[in-house]
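For reference, final_18.txt (compact mmCIF, N, CA and C atoms):
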# COMPACT_ATOMS: atom_id res chain seq x y z
N MET A 1 -159.80 -29.21 -53.59
CA MET A 1 -159.64 -28.17 -54.58
C MET A 1 -158.20 -28.17 -55.12
N LEU A 2 -157.25 -28.37 -54.23
CA LEU A 2 -155.85 -28.43 -54.67
C LEU A 2 -155.65 -29.59 -55.64
N ARG A 3 -156.18 -30.74 -55.27
CA ARG A 3 -156.00 -31.93 -56.11
C ARG A 3 -156.63 -31.75 -57.48
N GLU A 4 -157.76 -31.04 -57.55
CA GLU A 4 -158.41 -30.78 -58.84
C GLU A 4 -157.51 -29.98 -59.76
N ARG A 5 -156.61 -29.18 -59.20
CA ARG A 5 -155.70 -28.38 -60.00
C ARG A 5 -154.34 -29.05 -60.16
N GLY A 6 -154.27 -30.31 -59.78
CA GLY A 6 -153.02 -31.06 -59.92
C GLY A 6 -152.01 -30.74 -58.85
N LEU A 7 -152.45 -30.18 -57.74
CA LEU A 7 -151.56 -29.83 -56.63
C LEU A 7 -151.81 -30.75 -55.45
N ARG A 8 -150.80 -30.84 -54.60
CA ARG A 8 -150.93 -31.68 -53.41
C ARG A 8 -151.27 -30.84 -52.19
N LEU A 9 -152.01 -31.41 -51.26
CA LEU A 9 -152.24 -30.77 -49.97
C LEU A 9 -151.09 -31.20 -49.06
N THR A 10 -150.04 -30.40 -49.10
CA THR A 10 -148.86 -30.72 -48.29
C THR A 10 -149.14 -30.35 -46.83
N PRO A 11 -148.38 -30.94 -45.91
CA PRO A 11 -148.56 -30.57 -44.50
C PRO A 11 -148.38 -29.06 -44.27
N GLN A 12 -147.43 -28.45 -45.00
CA GLN A 12 -147.21 -27.01 -44.84
C GLN A 12 -148.43 -26.22 -45.29
N ARG A 13 -149.02 -26.57 -46.42
CA ARG A 13 -150.20 -25.87 -46.92
C ARG A 13 -151.36 -26.01 -45.93
N GLN A 14 -151.53 -27.20 -45.40
CA GLN A 14 -152.61 -27.43 -44.45
C GLN A 14 -152.39 -26.60 -43.18
N LEU A 15 -151.16 -26.57 -42.67
CA LEU A 15 -150.86 -25.79 -41.47
C LEU A 15 -151.10 -24.30 -41.69
N ILE A 16 -150.74 -23.80 -42.86
CA ILE A 16 -150.91 -22.38 -43.17
C ILE A 16 -152.39 -22.04 -43.27
N LEU A 17 -153.17 -22.87 -43.92
CA LEU A 17 -154.61 -22.64 -44.03
C LEU A 17 -155.26 -22.70 -42.65
N GLU A 18 -154.87 -23.67 -41.84
CA GLU A 18 -155.42 -23.76 -40.48
C GLU A 18 -155.06 -22.53 -39.66
N ALA A 19 -153.84 -22.02 -39.81
CA ALA A 19 -153.42 -20.84 -39.06
C ALA A 19 -154.26 -19.62 -39.43
N VAL A 20 -154.55 -19.45 -40.72
CA VAL A 20 -155.40 -18.33 -41.15
C VAL A 20 -156.77 -18.44 -40.50
N HIS A 21 -157.35 -19.64 -40.49
CA HIS A 21 -158.66 -19.85 -39.88
C HIS A 21 -158.62 -19.56 -38.38
N GLU A 22 -157.58 -20.00 -37.71
CA GLU A 22 -157.48 -19.83 -36.26
C GLU A 22 -157.20 -18.38 -35.86
N LEU A 23 -156.38 -17.69 -36.64
CA LEU A 23 -155.96 -16.33 -36.27
C LEU A 23 -156.99 -15.26 -36.64
N GLY A 24 -157.85 -15.56 -37.59
CA GLY A 24 -158.81 -14.54 -38.03
C GLY A 24 -158.16 -13.60 -39.02
N HIS A 25 -157.76 -12.43 -38.58
CA HIS A 25 -157.03 -11.49 -39.44
C HIS A 25 -155.55 -11.75 -39.21
N ALA A 26 -154.89 -12.28 -40.23
CA ALA A 26 -153.53 -12.77 -40.04
C ALA A 26 -152.58 -12.22 -41.10
N THR A 27 -151.48 -11.65 -40.67
CA THR A 27 -150.43 -11.25 -41.60
C THR A 27 -149.59 -12.47 -41.92
N PRO A 28 -148.84 -12.43 -43.01
CA PRO A 28 -147.95 -13.56 -43.29
C PRO A 28 -147.00 -13.84 -42.12
N GLU A 29 -146.56 -12.79 -41.45
CA GLU A 29 -145.65 -12.97 -40.31
C GLU A 29 -146.33 -13.69 -39.15
N SER A 30 -147.59 -13.32 -38.86
CA SER A 30 -148.29 -14.00 -37.77
C SER A 30 -148.61 -15.45 -38.14
N VAL A 31 -148.92 -15.69 -39.41
CA VAL A 31 -149.13 -17.07 -39.88
C VAL A 31 -147.83 -17.85 -39.72
N HIS A 32 -146.73 -17.25 -40.12
CA HIS A 32 -145.43 -17.91 -40.01
C HIS A 32 -145.13 -18.28 -38.56
N ASN A 33 -145.36 -17.34 -37.65
CA ASN A 33 -145.10 -17.62 -36.23
C ASN A 33 -145.98 -18.75 -35.72
N ALA A 34 -147.25 -18.77 -36.11
CA ALA A 34 -148.16 -19.83 -35.66
C ALA A 34 -147.74 -21.18 -36.23
N VAL A 35 -147.36 -21.21 -37.50
CA VAL A 35 -146.97 -22.46 -38.14
C VAL A 35 -145.65 -22.98 -37.55
N ARG A 36 -144.72 -22.09 -37.26
CA ARG A 36 -143.43 -22.51 -36.71
C ARG A 36 -143.56 -23.20 -35.37
N GLU A 37 -144.65 -22.90 -34.63
CA GLU A 37 -144.86 -23.57 -33.35
C GLU A 37 -145.13 -25.07 -33.55
N ARG A 38 -145.65 -25.42 -34.73
CA ARG A 38 -145.96 -26.83 -35.03
C ARG A 38 -144.94 -27.47 -35.96
N ALA A 39 -144.34 -26.65 -36.84
CA ALA A 39 -143.38 -27.18 -37.82
C ALA A 39 -142.29 -26.15 -38.02
N ALA A 40 -141.19 -26.34 -37.33
CA ALA A 40 -140.12 -25.35 -37.32
C ALA A 40 -139.48 -25.13 -38.69
N GLY A 41 -139.61 -26.08 -39.60
CA GLY A 41 -138.93 -25.99 -40.88
C GLY A 41 -139.61 -25.14 -41.94
N VAL A 42 -140.79 -24.58 -41.65
CA VAL A 42 -141.51 -23.78 -42.64
C VAL A 42 -140.97 -22.36 -42.62
N ASN A 43 -140.47 -21.90 -43.79
CA ASN A 43 -139.90 -20.55 -43.81
C ASN A 43 -140.93 -19.53 -44.31
N ILE A 44 -140.61 -18.26 -44.15
CA ILE A 44 -141.54 -17.17 -44.48
C ILE A 44 -141.85 -17.13 -45.97
N THR A 45 -140.90 -17.50 -46.81
CA THR A 45 -141.14 -17.53 -48.26
C THR A 45 -142.23 -18.54 -48.60
N THR A 46 -142.19 -19.69 -47.96
CA THR A 46 -143.22 -20.70 -48.17
C THR A 46 -144.58 -20.17 -47.75
N VAL A 47 -144.63 -19.44 -46.65
CA VAL A 47 -145.89 -18.86 -46.18
C VAL A 47 -146.44 -17.89 -47.21
N TYR A 48 -145.62 -16.97 -47.71
CA TYR A 48 -146.09 -16.00 -48.70
C TYR A 48 -146.59 -16.71 -49.97
N ARG A 49 -145.82 -17.65 -50.47
CA ARG A 49 -146.21 -18.36 -51.70
C ARG A 49 -147.50 -19.15 -51.50
N THR A 50 -147.62 -19.79 -50.35
CA THR A 50 -148.82 -20.58 -50.07
C THR A 50 -150.04 -19.69 -49.92
N LEU A 51 -149.90 -18.54 -49.25
CA LEU A 51 -151.03 -17.62 -49.12
C LEU A 51 -151.49 -17.12 -50.49
N GLU A 52 -150.54 -16.83 -51.37
CA GLU A 52 -150.89 -16.41 -52.73
C GLU A 52 -151.65 -17.53 -53.46
N LEU A 53 -151.18 -18.76 -53.34
CA LEU A 53 -151.85 -19.89 -53.97
C LEU A 53 -153.25 -20.09 -53.39
N LEU A 54 -153.37 -20.03 -52.07
CA LEU A 54 -154.67 -20.22 -51.43
C LEU A 54 -155.65 -19.12 -51.84
N GLU A 55 -155.14 -17.92 -52.08
CA GLU A 55 -156.02 -16.85 -52.54
C GLU A 55 -156.45 -17.10 -54.00
N GLU A 56 -155.53 -17.54 -54.84
CA GLU A 56 -155.89 -17.88 -56.22
C GLU A 56 -156.97 -18.95 -56.26
N LEU A 57 -156.94 -19.87 -55.31
CA LEU A 57 -157.90 -20.96 -55.24
C LEU A 57 -159.21 -20.53 -54.58
N GLY A 58 -159.25 -19.31 -54.06
CA GLY A 58 -160.46 -18.81 -53.42
C GLY A 58 -160.66 -19.29 -52.00
N LEU A 59 -159.60 -19.76 -51.36
CA LEU A 59 -159.71 -20.27 -49.99
C LEU A 59 -159.45 -19.20 -48.94
N VAL A 60 -158.69 -18.16 -49.31
CA VAL A 60 -158.45 -17.03 -48.41
C VAL A 60 -158.57 -15.75 -49.22
N ASN A 61 -158.80 -14.66 -48.52
CA ASN A 61 -158.82 -13.32 -49.12
C ASN A 61 -157.84 -12.45 -48.35
N HIS A 62 -157.42 -11.37 -48.98
CA HIS A 62 -156.55 -10.45 -48.26
C HIS A 62 -157.09 -9.04 -48.36
N THR A 63 -156.66 -8.23 -47.43
CA THR A 63 -156.93 -6.80 -47.43
C THR A 63 -155.72 -6.12 -46.83
N HIS A 64 -155.66 -4.82 -46.96
CA HIS A 64 -154.54 -4.06 -46.39
C HIS A 64 -155.08 -3.24 -45.22
N LEU A 65 -154.64 -3.59 -44.03
CA LEU A 65 -155.11 -2.92 -42.83
C LEU A 65 -154.08 -1.96 -42.27
N SER A 66 -152.95 -1.86 -42.94
CA SER A 66 -151.90 -0.94 -42.52
C SER A 66 -150.96 -0.74 -43.70
N HIS A 67 -149.88 -0.05 -43.44
CA HIS A 67 -148.90 0.17 -44.50
C HIS A 67 -147.99 -1.03 -44.69
N GLY A 68 -148.13 -2.02 -43.86
CA GLY A 68 -147.26 -3.19 -43.92
C GLY A 68 -147.83 -4.29 -44.79
N SER A 69 -147.65 -5.49 -44.33
CA SER A 69 -148.07 -6.69 -45.06
C SER A 69 -149.58 -6.76 -45.18
N PRO A 70 -150.06 -7.47 -46.21
CA PRO A 70 -151.51 -7.69 -46.31
C PRO A 70 -151.98 -8.56 -45.15
N THR A 71 -153.26 -8.50 -44.88
CA THR A 71 -153.87 -9.31 -43.83
C THR A 71 -154.83 -10.29 -44.50
N TYR A 72 -154.71 -11.55 -44.13
CA TYR A 72 -155.51 -12.61 -44.74
C TYR A 72 -156.59 -13.09 -43.79
N HIS A 73 -157.70 -13.53 -44.36
CA HIS A 73 -158.75 -14.18 -43.59
C HIS A 73 -159.40 -15.23 -44.47
N ALA A 74 -160.09 -16.16 -43.82
CA ALA A 74 -160.72 -17.27 -44.55
C ALA A 74 -161.78 -16.74 -45.50
N ALA A 75 -161.82 -17.30 -46.69
CA ALA A 75 -162.75 -16.84 -47.72
C ALA A 75 -164.19 -17.16 -47.38
N GLY A 76 -164.45 -18.14 -46.57
CA GLY A 76 -165.82 -18.52 -46.24
C GLY A 76 -166.52 -17.55 -45.30
N GLU A 77 -165.76 -16.62 -44.71
CA GLU A 77 -166.36 -15.66 -43.79
C GLU A 77 -167.27 -14.71 -44.55
N ASP A 78 -168.26 -14.17 -43.84
CA ASP A 78 -169.10 -13.15 -44.45
C ASP A 78 -168.24 -11.94 -44.77
N GLN A 79 -168.59 -11.26 -45.87
CA GLN A 79 -167.86 -10.04 -46.20
C GLN A 79 -168.10 -9.01 -45.12
N HIS A 80 -167.10 -8.20 -44.87
CA HIS A 80 -167.21 -7.16 -43.87
C HIS A 80 -166.26 -6.02 -44.20
N VAL A 81 -166.54 -4.88 -43.64
CA VAL A 81 -165.68 -3.71 -43.77
C VAL A 81 -164.85 -3.64 -42.50
N HIS A 82 -163.57 -3.33 -42.63
CA HIS A 82 -162.68 -3.24 -41.48
C HIS A 82 -162.59 -1.80 -41.00
N LEU A 83 -162.70 -1.62 -39.69
CA LEU A 83 -162.47 -0.32 -39.05
C LEU A 83 -161.17 -0.46 -38.27
N VAL A 84 -160.16 0.29 -38.68
CA VAL A 84 -158.82 0.15 -38.12
C VAL A 84 -158.47 1.40 -37.33
N CYS A 85 -158.16 1.24 -36.06
CA CYS A 85 -157.76 2.37 -35.23
C CYS A 85 -156.30 2.69 -35.47
N ARG A 86 -156.03 3.93 -35.83
CA ARG A 86 -154.65 4.36 -36.09
C ARG A 86 -153.81 4.46 -34.82
N THR A 87 -154.45 4.56 -33.67
CA THR A 87 -153.70 4.71 -32.43
C THR A 87 -153.34 3.38 -31.80
N CYS A 88 -154.35 2.55 -31.54
CA CYS A 88 -154.09 1.29 -30.84
C CYS A 88 -154.00 0.09 -31.77
N GLY A 89 -154.41 0.25 -33.04
CA GLY A 89 -154.32 -0.84 -34.00
C GLY A 89 -155.46 -1.83 -33.93
N SER A 90 -156.47 -1.56 -33.11
CA SER A 90 -157.60 -2.49 -33.03
C SER A 90 -158.32 -2.55 -34.37
N ILE A 91 -158.93 -3.69 -34.63
CA ILE A 91 -159.67 -3.91 -35.87
C ILE A 91 -161.07 -4.38 -35.50
N ALA A 92 -162.05 -3.65 -35.99
CA ALA A 92 -163.45 -4.04 -35.81
C ALA A 92 -164.03 -4.34 -37.18
N GLU A 93 -165.05 -5.15 -37.20
CA GLU A 93 -165.72 -5.49 -38.45
C GLU A 93 -167.15 -4.97 -38.40
N VAL A 94 -167.60 -4.41 -39.52
CA VAL A 94 -169.00 -3.98 -39.62
C VAL A 94 -169.59 -4.54 -40.90
N ASP A 95 -170.91 -4.62 -40.91
CA ASP A 95 -171.64 -5.11 -42.07
C ASP A 95 -171.35 -4.24 -43.28
N PRO A 96 -171.12 -4.84 -44.44
CA PRO A 96 -170.81 -4.05 -45.64
C PRO A 96 -171.94 -3.12 -46.07
N ALA A 97 -173.14 -3.34 -45.55
CA ALA A 97 -174.26 -2.46 -45.90
C ALA A 97 -173.99 -1.02 -45.48
N VAL A 98 -173.09 -0.82 -44.52
CA VAL A 98 -172.74 0.53 -44.09
C VAL A 98 -172.16 1.35 -45.26
N MET A 99 -171.65 0.66 -46.26
CA MET A 99 -171.05 1.32 -47.42
C MET A 99 -172.04 1.53 -48.57
N ASP A 100 -173.28 1.07 -48.43
CA ASP A 100 -174.25 1.15 -49.53
C ASP A 100 -174.40 2.54 -50.14
N PRO A 101 -174.50 3.60 -49.35
CA PRO A 101 -174.62 4.93 -49.98
C PRO A 101 -173.43 5.27 -50.89
N VAL A 102 -172.24 4.92 -50.44
CA VAL A 102 -171.03 5.22 -51.22
C VAL A 102 -170.94 4.31 -52.44
N THR A 103 -171.14 3.02 -52.25
CA THR A 103 -171.00 2.09 -53.38
C THR A 103 -172.09 2.34 -54.42
N GLY A 104 -173.30 2.66 -53.95
CA GLY A 104 -174.38 2.97 -54.89
C GLY A 104 -174.08 4.21 -55.71
N ARG A 105 -173.57 5.23 -55.06
CA ARG A 105 -173.23 6.47 -55.77
C ARG A 105 -172.11 6.25 -56.77
N LEU A 106 -171.10 5.50 -56.38
CA LEU A 106 -169.99 5.23 -57.31
C LEU A 106 -170.47 4.42 -58.52
N LEU A 107 -171.38 3.50 -58.29
CA LEU A 107 -171.91 2.71 -59.40
C LEU A 107 -172.72 3.60 -60.35
N ARG A 108 -173.56 4.45 -59.79
CA ARG A 108 -174.39 5.34 -60.63
C ARG A 108 -173.55 6.40 -61.36
N GLU A 109 -172.65 7.05 -60.64
CA GLU A 109 -171.95 8.20 -61.20
C GLU A 109 -170.68 7.84 -61.96
N ARG A 110 -170.05 6.74 -61.59
CA ARG A 110 -168.77 6.38 -62.20
C ARG A 110 -168.78 5.02 -62.87
N ASP A 111 -169.92 4.32 -62.79
CA ASP A 111 -170.00 2.96 -63.31
C ASP A 111 -168.88 2.09 -62.74
N PHE A 112 -168.68 2.24 -61.43
CA PHE A 112 -167.59 1.55 -60.73
C PHE A 112 -168.18 0.72 -59.59
N ARG A 113 -167.91 -0.59 -59.61
CA ARG A 113 -168.40 -1.49 -58.57
C ARG A 113 -167.28 -1.73 -57.56
N VAL A 114 -167.55 -1.38 -56.31
CA VAL A 114 -166.57 -1.50 -55.22
C VAL A 114 -166.55 -2.93 -54.70
N ASP A 115 -165.36 -3.46 -54.49
CA ASP A 115 -165.16 -4.75 -53.84
C ASP A 115 -165.12 -4.47 -52.33
N VAL A 116 -166.27 -4.54 -51.70
CA VAL A 116 -166.39 -4.15 -50.29
C VAL A 116 -165.54 -5.04 -49.38
N GLY A 117 -165.28 -6.26 -49.79
CA GLY A 117 -164.46 -7.16 -48.98
C GLY A 117 -163.04 -6.69 -48.80
N HIS A 118 -162.62 -5.70 -49.58
CA HIS A 118 -161.27 -5.16 -49.45
C HIS A 118 -161.26 -3.76 -48.86
N VAL A 119 -162.38 -3.30 -48.32
CA VAL A 119 -162.46 -1.94 -47.79
C VAL A 119 -162.00 -1.91 -46.34
N SER A 120 -161.11 -0.97 -46.05
CA SER A 120 -160.66 -0.70 -44.69
C SER A 120 -160.77 0.79 -44.45
N LEU A 121 -161.40 1.14 -43.35
CA LEU A 121 -161.55 2.55 -42.99
C LEU A 121 -160.68 2.80 -41.75
N PHE A 122 -159.90 3.87 -41.81
CA PHE A 122 -158.96 4.18 -40.73
C PHE A 122 -159.45 5.38 -39.94
N GLY A 123 -159.24 5.35 -38.65
CA GLY A 123 -159.66 6.45 -37.78
C GLY A 123 -159.30 6.13 -36.35
N LEU A 124 -160.11 6.60 -35.42
CA LEU A 124 -159.88 6.37 -34.00
C LEU A 124 -161.05 5.61 -33.40
N CYS A 125 -160.76 4.56 -32.65
CA CYS A 125 -161.81 3.81 -31.97
C CYS A 125 -162.33 4.65 -30.80
N GLY A 126 -163.45 4.21 -30.22
CA GLY A 126 -164.05 4.93 -29.11
C GLY A 126 -163.12 5.08 -27.92
N ASN A 127 -162.37 4.02 -27.59
CA ASN A 127 -161.46 4.09 -26.46
C ASN A 127 -160.36 5.14 -26.67
N CYS A 128 -159.80 5.18 -27.85
CA CYS A 128 -158.72 6.13 -28.14
C CYS A 128 -159.26 7.55 -28.25
N ARG A 129 -160.48 7.72 -28.74
CA ARG A 129 -161.08 9.05 -28.81
C ARG A 129 -161.30 9.62 -27.42
N GLU A 130 -161.63 8.75 -26.46
CA GLU A 130 -161.86 9.19 -25.08
C GLU A 130 -160.58 9.68 -24.42
N THR A 131 -159.42 9.17 -24.85
CA THR A 131 -158.15 9.54 -24.22
C THR A 131 -157.46 10.69 -24.95
N GLU A 132 -158.10 11.26 -25.95
CA GLU A 132 -157.48 12.38 -26.69
C GLU A 132 -157.38 13.61 -25.84
Have the structure of the file written as structure tokens, please.
Amino acid sequence: MLRERGLRLTPQRQLILEAVHELGHATPESVHNAVRERAAGVNITTVYRTLELLEELGLVNHTHLSHGSPTYHAAGEDQHVHLVCRTCGSIAEVDPAVMDPVTGRLLRERDFRVDVGHVSLFGLCGNCRETE
């Protein structure tokens, strides 16, 4: 895909893409740390630029799971909704069908189609609720 757009698959780009696949939900910082274990010369700016390029190419997607950096995952994964615990930071994935009542209503009443792949719901996981 890179070559079709006149771009090269550099070792850095390949390492960054592999890191996203291996890490699952990965921030640019966690990708950077994983890549540095294999290639110390890759800087954080390269990671950010490469993630943006890979997203433009449709190879990765991002979502916001906190107030910090976006979180990236491989584009080939099934779409899912993220459940983010505000206390422990755990992330669970659920089938996007859980959002059907909301997305259907928004489409009917507001003519607005929700991109469910970018939905994150924040709250407390079962473990943290038990310790309240």
Taking into account all atoms listed in the file, which residue in the set A:Cys128, A:His62, A:Leu106, A:Pro70 is nearest to Thr27 in chain A?
A:Pro70
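All residues within chain A that the backbone DSSP calculation assigns to strand (DSSP E or B) are Ala26, Val60, Asn61, His62, Thr63, Thr71, Tyr72, His73, Ala74, Val81, His82, Leu83, Val84, Cys85, Ile91, Ala92, Glu93, Val94, Ser120, Leu121, Phe122 and Gly123 of chain A.
Residues surrounding range 116-122 of chain A within 7 Å are His62, Thr63, His64, Leu65, Gln79, His80, Val81, His82, Leu83, Val84, Cys85, Arg86, Pro96, Arg113, Val114 and Leu124 of chain A [all atoms listed in the file; sequence separation below 2 positions excluded].
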Filtering to N, CA and C atoms, could you give me those residues as a PDB file, in the coordinates of the input?
ATOM      1  N   HIS A  62    -157.420 -11.370 -48.980  1.00  0.00           N
ATOM      2  CA  HIS A  62    -156.550 -10.450 -48.260  1.00  0.00           C
ATOM      3  C   HIS A  62    -157.090  -9.040 -48.360  1.00  0.00           C
ATOM      4  N   THR A  63    -156.660  -8.230 -47.430  1.00  0.00           N
ATOM      5  CA  THR A  63    -156.930  -6.800 -47.430  1.00  0.00           C
ATOM      6  C   THR A  63    -155.720  -6.120 -46.830  1.00  0.00           C
ATOM      7  N   HIS A  64    -155.660  -4.820 -46.960  1.00  0.00           N
ATOM      8  CA  HIS A  64    -154.540  -4.060 -46.390  1.00  0.00           C
ATOM      9  C   HIS A  64    -155.080  -3.240 -45.220  1.00  0.00           C
ATOM     10  N   LEU A  65    -154.640  -3.590 -44.030  1.00  0.00           N
ATOM     11  CA  LEU A  65    -155.110  -2.920 -42.830  1.00  0.00           C
ATOM     12  C   LEU A  65    -154.080  -1.960 -42.270  1.00  0.00           C
ATOM     13  N   GLN A  79    -168.590 -11.260 -45.870  1.00  0.00           N
ATOM     14  CA  GLN A  79    -167.860 -10.040 -46.200  1.00  0.00           C
ATOM     15  C   GLN A  79    -168.100  -9.010 -45.120  1.00  0.00           C
ATOM     16  N   HIS A  80    -167.100  -8.200 -44.870  1.00  0.00           N
ATOM     17  CA  HIS A  80    -167.210  -7.160 -43.870  1.00  0.00           C
ATOM     18  C   HIS A  80    -166.260  -6.020 -44.200  1.00  0.00           C
ATOM     19  N   VAL A  81    -166.540  -4.880 -43.640  1.00  0.00           N
ATOM     20  CA  VAL A  81    -165.680  -3.710 -43.770  1.00  0.00           C
ATOM     21  C   VAL A  81    -164.850  -3.640 -42.500  1.00  0.00           C
ATOM     22  N   HIS A  82    -163.570  -3.330 -42.630  1.00  0.00           N
ATOM     23  CA  HIS A  82    -162.680  -3.240 -41.480  1.00  0.00           C
ATOM     24  C   HIS A  82    -162.590  -1.800 -41.000  1.00  0.00           C
ATOM     25  N   LEU A  83    -162.700  -1.620 -39.690  1.00  0.00           N
ATOM     26  CA  LEU A  83    -162.470  -0.320 -39.050  1.00  0.00           C
ATOM     27  C   LEU A  83    -161.170  -0.460 -38.270  1.00  0.00           C
ATOM     28  N   VAL A  84    -160.160   0.290 -38.680  1.00  0.00           N
ATOM     29  CA  VAL A  84    -158.820   0.150 -38.120  1.00  0.00           C
ATOM     30  C   VAL A  84    -158.470   1.400 -37.330  1.00  0.00           C
ATOM     31  N   CYS A  85    -158.160   1.240 -36.060  1.00  0.00           N
ATOM     32  CA  CYS A  85    -157.760   2.370 -35.230  1.00  0.00           C
ATOM     33  C   CYS A  85    -156.300   2.690 -35.470  1.00  0.00           C
ATOM     34  N   ARG A  86    -156.030   3.930 -35.830  1.00  0.00           N
ATOM     35  CA  ARG A  86    -154.650   4.360 -36.090  1.00  0.00           C
ATOM     36  C   ARG A  86    -153.810   4.460 -34.820  1.00  0.00           C
ATOM     37  N   PRO A  96    -171.120  -4.840 -44.440  1.00  0.00           N
ATOM     38  CA  PRO A  96    -170.810  -4.050 -45.640  1.00  0.00           C
ATOM     39  C   PRO A  96    -171.940  -3.120 -46.070  1.00  0.00           C
ATOM     40  N   ARG A 113    -167.910  -0.590 -59.610  1.00  0.00           N
ATOM     41  CA  ARG A 113    -168.400  -1.490 -58.570  1.00  0.00           C
ATOM     42  C   ARG A 113    -167.280  -1.730 -57.560  1.00  0.00           C
ATOM     43  N   VAL A 114    -167.550  -1.380 -56.310  1.00  0.00           N
ATOM     44  CA  VAL A 114    -166.570  -1.500 -55.220  1.00  0.00           C
ATOM     45  C   VAL A 114    -166.550  -2.930 -54.700  1.00  0.00           C
ATOM     46  N   LEU A 124    -160.110   6.600 -35.420  1.00  0.00           N
ATOM     47  CA  LEU A 124    -159.880   6.370 -34.000  1.00  0.00           C
ATOM     48  C   LEU A 124    -161.050   5.610 -33.400  1.00  0.00           C
TER      49      LEU A 124
END
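Coordinates place atom N of Asp95 in chain A at a distance of 23.7 Å from CA of Asp111 in chain A.
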How would you write, as a ChimeraX atom specification, the set of residues in range 58-120 of chain A that DSSP gives as alpha helix (DSSP H)?
/A:100-110
Env of Leu51 in chain A: 9 Å cut, atoms = only C-alpha atoms, seq-sep filter 5 positions within chain, self excluded. Answer as a PyMOL selection string.
chain A and resi 13+16-17+28+46+56+60-61+72
Pull the neighbourhood of (-156.1, 5.5, -30.5) for me: all residues within 10 Å in file coordinates, counting only C-alpha atoms, as a tab-separated table (two decimals) with N, CA and C atoms, keeping the file's coordinate frame.
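Output saved as selection10.tsv:
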chain	number	residue	atom	x	y	z
A	84	VAL	N	-160.16	0.29	-38.68
A	84	VAL	CA	-158.82	0.15	-38.12
A	84	VAL	C	-158.47	1.40	-37.33
A	85	CYS	N	-158.16	1.24	-36.06
A	85	CYS	CA	-157.76	2.37	-35.23
A	85	CYS	C	-156.30	2.69	-35.47
A	86	ARG	N	-156.03	3.93	-35.83
A	86	ARG	CA	-154.65	4.36	-36.09
A	86	ARG	C	-153.81	4.46	-34.82
A	87	THR	N	-154.45	4.56	-33.67
A	87	THR	CA	-153.70	4.71	-32.43
A	87	THR	C	-153.34	3.38	-31.80
A	88	CYS	N	-154.35	2.55	-31.54
A	88	CYS	CA	-154.09	1.29	-30.84
A	88	CYS	C	-154.00	0.09	-31.77
A	89	GLY	N	-154.41	0.25	-33.04
A	89	GLY	CA	-154.32	-0.84	-34.00
A	89	GLY	C	-155.46	-1.83	-33.93
A	90	SER	N	-156.47	-1.56	-33.11
A	90	SER	CA	-157.60	-2.49	-33.03
A	90	SER	C	-158.32	-2.55	-34.37
A	123	GLY	N	-159.24	5.35	-38.65
A	123	GLY	CA	-159.66	6.45	-37.78
A	123	GLY	C	-159.30	6.13	-36.35
A	124	LEU	N	-160.11	6.60	-35.42
A	124	LEU	CA	-159.88	6.37	-34.00
A	124	LEU	C	-161.05	5.61	-33.40
A	125	CYS	N	-160.76	4.56	-32.65
A	125	CYS	CA	-161.81	3.81	-31.97
A	125	CYS	C	-162.33	4.65	-30.80
A	126	GLY	N	-163.45	4.21	-30.22
A	126	GLY	CA	-164.05	4.93	-29.11
A	126	GLY	C	-163.12	5.08	-27.92
A	127	ASN	N	-162.37	4.02	-27.59
A	127	ASN	CA	-161.46	4.09	-26.46
A	127	ASN	C	-160.36	5.14	-26.67
A	128	CYS	N	-159.80	5.18	-27.85
A	128	CYS	CA	-158.72	6.13	-28.14
A	128	CYS	C	-159.26	7.55	-28.25
A	129	ARG	N	-160.48	7.72	-28.74
A	129	ARG	CA	-161.08	9.05	-28.81
A	129	ARG	C	-161.30	9.62	-27.42
A	130	GLU	N	-161.63	8.75	-26.46
A	130	GLU	CA	-161.86	9.19	-25.08
A	130	GLU	C	-160.58	9.68	-24.42
A	131	THR	N	-159.42	9.17	-24.85
A	131	THR	CA	-158.15	9.54	-24.22
A	131	THR	C	-157.46	10.69	-24.95
A	132	GLU	N	-158.10	11.26	-25.95
A	132	GLU	CA	-157.48	12.38	-26.69
A	132	GLU	C	-157.38	13.61	-25.84
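Atom pair atom C of Glu52 in chain A / atom C of Val35 in chain A has a distance of 17.9 Å (rounded to one decimal).
For the pair atom C of Ile44 in chain A and CA of His32 in chain A, the interatomic distance is 7.0 Å.
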